[in-house]
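Notes for the one structure printed next.
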Amino acid sequence: MTDMKQYDFIVIGGGIIGLATARQLQLQFQGATVAVLEKEKELATHQTRHNSGVIHAGVYYAPGSLKARFCRDGNRETKQFCSEQGIPFRETGKLLVATDEQDAERMQELLERCRINKIETEVLDQQQLREFEPNVVGVAATWVPSSGIVDFEQVANKLAEQIRAAGGEIHTNCLVTELKETTGIEVKSSLGNFSGRFLLACAGLHADRLVRMIGQQPTFKILPFRGEYFQLPAEKSRIVTHPIYPIPNPELPFLGIHLTPMIDGSLTVGPNATLAMSREGYSRWKISPRDLAEMLSYSGLYRLVMKYPLPTLLELKNSLYRPGYLKQVNRYCPKITLSDLLPYPAGVRAQAVKPDGTTLDDFLFIESERSLIVGNAPSPAATSAMPIARHICEQVGRLIN
Ligand SMILES: Cc1cc2nc3c(=O)[nH]c(=O)nc-3n(C[C@H](O)[C@H](O)[C@H](O)COP(=O)(O)OP(=O)(O)OC[C@H]3O[C@@H](n4cnc5c(N)ncnc54)[C@H](O)[C@@H]3O)c2cc1C
């Protein structure tokens with residue numbers, strides 16, 4: 001590769017994790033040159049733009065996991081960053097609603113996790129729940145005061161502004177196609193060649209491909225799970241005033257369809273979780289022959305489906321049959337009707353799945369001598385972006401010394 005632009009650090013991916021990492025590199029390694037390479041025309045185009053916008057508190061995550069630690073710290077740091085930078089956010093708190101006895105039992109397990117993870121909670125009985133949210137029904141609920149809402153794209157754009165102000169470069173329309181590890185890293189892209197002392201890859205839905213590009217064999221594959229949302233009509237946007245979540249099935253990796261007040265004042269319902277036929281398949285029928293062929297030839301896909309045959313079928317049915325989707329919301333909010341479900345853009349989650357069909361639960365990072373690749377950063381990674389970036393920079397400090 002000739003005519004290379006030289007940097008200390010090259011960061012692939014202009015989502016919230018790549019941008020938070022690039023900014024943290026500038027802070028930790030004063031004077032270092034940093035370039036962010038993003039394949040899309042705009043930053044934050046994928047998961048960072050298409051999500052629920054919830055600053056999670058850390059309710060669900062296994063004690064001792066990176067998710068538990070980074071989410072709790074990220075909750076505080078995201079709010080602090082937004083306060084300092086004038087980004088609108090609200091500390092709404094959130095309600096987890098138990099609709100039957102099985103939910104109530106599972107809620108006890110979540111409460112125990114919260115206790116261990118040091119997340120403040122309050123239990124509401126049926127009557128207190130009715131007073132709190134008159135349009136929500138359940139046998140009991142858990143109130144989590146520290147949850148909040150924000151537009152993560154605004155957070156990402158502010159980080160980009162800071163990166164540029166500190167002398168960093170951000171190249172959009174820059175698809176990275178080849179990597180070569182030498183005493184540093186050589187990068188081939190649609191905008192030409194770059195070279196760096198060290199490479200960070202925060203490529204979301206393409207994480208496993210970056211692992212392969214650096215010459216390693218990933219121990220997982222990213223499977224794309226579409227999350228379909230609806231928006232409620234303006235006259236129903238105050239039907240609830242807090243994010244309302246069901247009690248999730250602990251065996252499944254996703255949180256269930258919830259009601260979320262957005263920072264722009266609207267109210268969304270969603271997301272569900274169905275397999276997508278394209279890693280960036282925002283519409284149901286978008287097919288990428290490459291993505292689909294890779295998925296269909298992966299044993300982990302079939303083993304995942306065999307593990308959860310009923311939830312897989314139900315999610316598919318409810319995606320195609322709107323009354324089925326509505327039924328899940330009506331369990332805790334009966335006042336929403338079919339005609340209230342107005343179109344809203346879907347998101348696609350990058351979920352790492354192992355060949356045996358298990359979903360990788362925790363955040364995962366893959367190292368080589370000259371690179372660090374984010375392998376798995378599903379929810380709550382937007383909330384956790386700043387602690388993740390700090391963790392990455394700590395590892396970089398160790399690897400380059
Ligand atoms: C439906 C949904 C709901 C969610 N809700 C929440 C929530 O409420 N709260 C929360 O904390 N988290 C939530 N998440 C998770 C959160 O959005 C993601 O974990 C987070 O945005 C991941 O950020 P990222 O930077 O890793 O990925 P992305 O935002 O996807 O960014 C990766 C970037 O890498 C670029 N890229 C990939 N390959 C290349 C290449 N070869 N060359 C150049 N560029 C490349 C992509 O174009 C992309 O811009 C949700 C996610 C989804 C999908």
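Each chain of the structure tokens is named A, B, ... in the order shown, its residues numbered from 1; ligands are numbered from 1 in display order.
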
List the spatial neighbours of Ser147 of chain A as an mmCIF file with C-alpha atoms, in the first residue's frame - criterion: any atom at most 9 Å away, only C-alpha atoms, same-chain residues fewer than 2 positions off excluded.
data_model
loop_
_atom_site.group_PDB
_atom_site.id
_atom_site.type_symbol
_atom_site.label_atom_id
_atom_site.label_comp_id
_atom_site.auth_asym_id
_atom_site.auth_seq_id
_atom_site.Cartn_x
_atom_site.Cartn_y
_atom_site.Cartn_z
ATOM 1 C CA VAL A 54 -33.131 4.937 27.085
ATOM 2 C CA ILE A 55 -30.294 5.721 29.471
ATOM 3 C CA HIS A 56 -30.446 2.376 31.189
ATOM 4 C CA ALA A 57 -29.924 2.046 34.931
ATOM 5 C CA GLY A 58 -28.446 -1.480 34.870
ATOM 6 C CA ASN A 75 -25.862 6.085 33.322
ATOM 7 C CA ARG A 90 -34.590 13.683 31.100
ATOM 8 C CA GLU A 91 -34.219 11.573 34.197
ATOM 9 C CA THR A 92 -37.637 9.981 33.770
ATOM 10 C CA GLY A 93 -37.101 6.853 35.860
ATOM 11 C CA LYS A 94 -38.813 3.735 34.553
ATOM 12 C CA VAL A 144 -36.219 2.526 38.926
ATOM 13 C CA PRO A 145 -35.604 6.250 39.432
ATOM 14 C CA ILE A 149 -34.072 9.310 28.018
ATOM 15 C CA PRO A 243 -40.862 4.414 30.160
#

Write out as a tab-separated table a residue-level contact list of chain A versus ligand 1 with cut-off 7 Å: for each qualifying residue the closest pair of atoms and the distance in Å to one decimal, counting only C-alpha atoms and all ligand atoms, rows sorted by chain and residue number upward.
residue	atom	partner	partner_atom_place_in_ligand_line	distance
A:Ile12	CA	ligand 1	44 (N)	5.4
A:Gly13	CA	ligand 1	34 (O)	3.3
A:Gly14	CA	ligand 1	49 (O)	4.7
A:Gly15	CA	ligand 1	25 (O)	3.4
A:Ile16	CA	ligand 1	25 (O)	4.2
A:Ile17	CA	ligand 1	25 (O)	3.8
A:Gly18	CA	ligand 1	25 (O)	5.3
A:Leu37	CA	ligand 1	43 (C)	5.4
A:Glu38	CA	ligand 1	44 (N)	3.8
A:Lys39	CA	ligand 1	43 (C)	3.9
A:Glu40	CA	ligand 1	47 (O)	5.3
A:Leu43	CA	ligand 1	49 (O)	6.0
A:Ala44	CA	ligand 1	49 (O)	5.2
A:Thr45	CA	ligand 1	49 (O)	5.3
A:His46	CA	ligand 1	30 (O)	4.3
A:Gln47	CA	ligand 1	29 (O)	3.9
A:Thr48	CA	ligand 1	21 (O)	3.5
A:Arg49	CA	ligand 1	29 (O)	6.7
A:His50	CA	ligand 1	53 (C)	5.8
A:Asn51	CA	ligand 1	3 (C)	3.5
A:Ser52	CA	ligand 1	8 (O)	3.9
A:Gly53	CA	ligand 1	8 (O)	4.3
A:Val54	CA	ligand 1	8 (O)	3.6
A:Ile55	CA	ligand 1	9 (N)	5.5
A:His56	CA	ligand 1	11 (O)	5.8
A:Cys174	CA	ligand 1	43 (C)	5.7
A:Leu175	CA	ligand 1	42 (N)	3.9
A:Val176	CA	ligand 1	42 (N)	3.8
A:Thr177	CA	ligand 1	41 (N)	5.9
A:Cys202	CA	ligand 1	26 (O)	5.4
A:Ala203	CA	ligand 1	34 (O)	3.5
A:Gly204	CA	ligand 1	27 (O)	3.9
A:Leu205	CA	ligand 1	30 (O)	5.8
A:His206	CA	ligand 1	38 (N)	5.0
A:Leu210	CA	ligand 1	41 (N)	6.9
A:Arg226	CA	ligand 1	1 (C)	6.8
A:Gly227	CA	ligand 1	1 (C)	4.6
A:Pro271	CA	ligand 1	1 (C)	5.8
A:Ala346	CA	ligand 1	1 (C)	6.7
A:Gly347	CA	ligand 1	1 (C)	4.2
A:Val348	CA	ligand 1	53 (C)	4.3
A:Arg349	CA	ligand 1	53 (C)	3.7
A:Ala350	CA	ligand 1	53 (C)	6.9
A:Ala377	CA	ligand 1	19 (O)	5.1
A:Pro378	CA	ligand 1	19 (O)	3.9
A:Ser379	CA	ligand 1	15 (C)	3.6
A:Pro380	CA	ligand 1	11 (O)	3.5
A:Ala381	CA	ligand 1	19 (O)	3.9
A:Ala382	CA	ligand 1	11 (O)	3.7
A:Thr383	CA	ligand 1	11 (O)	3.7
A:Ser384	CA	ligand 1	11 (O)	6.4

Surrounding residues of Met295 of chain A excluding itself and chain neighbours under 6 positions, 9 Å, only C-alpha atoms, as a PyMOL selection string: chain A and resi 221-223+277+301

Please save N, CA and C atoms of the selected residues as a PDB file, in the first residue's frame.
ATOM      1  N   LYS A 221     -20.629 -15.182  15.410  1.00  0.00           N
ATOM      2  CA  LYS A 221     -21.064 -14.440  14.224  1.00  0.00           C
ATOM      3  C   LYS A 221     -22.095 -13.408  14.666  1.00  0.00           C
ATOM      4  N   ILE A 222     -22.059 -12.257  14.022  1.00  0.00           N
ATOM      5  CA  ILE A 222     -23.093 -11.264  14.322  1.00  0.00           C
ATOM      6  C   ILE A 222     -24.353 -11.638  13.550  1.00  0.00           C
ATOM      7  N   LEU A 223     -25.449 -11.836  14.296  1.00  0.00           N
ATOM      8  CA  LEU A 223     -26.741 -12.038  13.645  1.00  0.00           C
ATOM      9  C   LEU A 223     -27.554 -10.757  13.858  1.00  0.00           C
ATOM     10  N   MET A 277     -32.921 -10.172   7.281  1.00  0.00           N
ATOM     11  CA  MET A 277     -32.255 -10.843   6.163  1.00  0.00           C
ATOM     12  C   MET A 277     -31.102 -10.017   5.616  1.00  0.00           C
ATOM     13  N   LEU A 301     -27.052 -20.289  13.944  1.00  0.00           N
ATOM     14  CA  LEU A 301     -28.408 -19.801  13.665  1.00  0.00           C
ATOM     15  C   LEU A 301     -29.427 -20.898  13.969  1.00  0.00           C
TER      16      LEU A 301
END

task: Within 12 Å of Thr241 of chain A, counting only C-alpha atoms, which residues show up once you throw out same-chain ones fewer than 3 positions away? Write them as a list in words, please.
output: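 What passes the distance filter is Arg90, Glu91, Thr92, Gly93, Lys94, Leu95, Phe132, Glu133, Pro134, Asn135, Val136, Gly148, Ile149, Lys236, Ser237, Arg238, Ile244, Leu259, Thr260, Pro261, Met262, Ile263, Gly265, Ser266, Leu267 and Thr268 of chain A.
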
field: Secondary structure check, helix (DSSP H, G or I) residues of segment 239-349 of chain A, as JSON, numbers by chain
entry: {"A": [289, 290, 291, 292, 293, 294, 295, 296, 299, 300, 301, 302, 303, 304, 305, 306, 307, 309, 310, 311, 312, 313, 314, 315, 316, 317, 318, 319, 320, 322, 323, 324, 325, 326, 327, 328, 329, 330, 338, 339, 340]}

message: At a cut-off of 9 Å, using only C-alpha atoms, what residues contact Asp125 of chain A? Leave out same-chain residues fewer than 6 positions from it and give the result as a PyMOL selection string.
response: chain A and resi 138-142

Selection above as a file: C-alpha atoms, as a PDB file, in the first residue's frame:
ATOM      1  CA  GLY A 138     -50.337  -5.017  36.612  1.00  0.00           C
ATOM      2  CA  VAL A 139     -50.155  -6.987  39.826  1.00  0.00           C
ATOM      3  CA  ALA A 140     -47.039  -5.097  40.969  1.00  0.00           C
ATOM      4  CA  ALA A 141     -44.235  -2.970  39.567  1.00  0.00           C
ATOM      5  CA  THR A 142     -40.655  -1.922  40.186  1.00  0.00           C
TER       6      THR A 142
END

Straight-line distance linking atom CA of Leu372 of chain A with atom CA of Ala35 of chain A, stated in Å to one decimal: 15.1 Å

- request: Enter the distance from atom CA of Tyr325 of chain A to atom CA of Gln102 of chain A, in Å, rounded to one decimal.
  value: 20.4 Å

task: Show which residues sit within 12 Å of Leu275 of chain A, as a ChimeraX atom specification. Count only C-alpha atoms, and ignore same-chain residues fewer than 4 positions away.
output: /A:222-228,279-287,291-292,295-296,301-302,304-305,311-313,315-316,319,347-351

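Proximity of A:Leu252, A:Ala156, A:Ile185, A:Leu310 to Leu360 of chain A, computed with only C-alpha atoms, is greatest for A:Leu252.
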
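One distance worth recording is that between atom CA of Tyr7 of chain A and atom CA of Phe198 of chain A, which is 8.5 Å.
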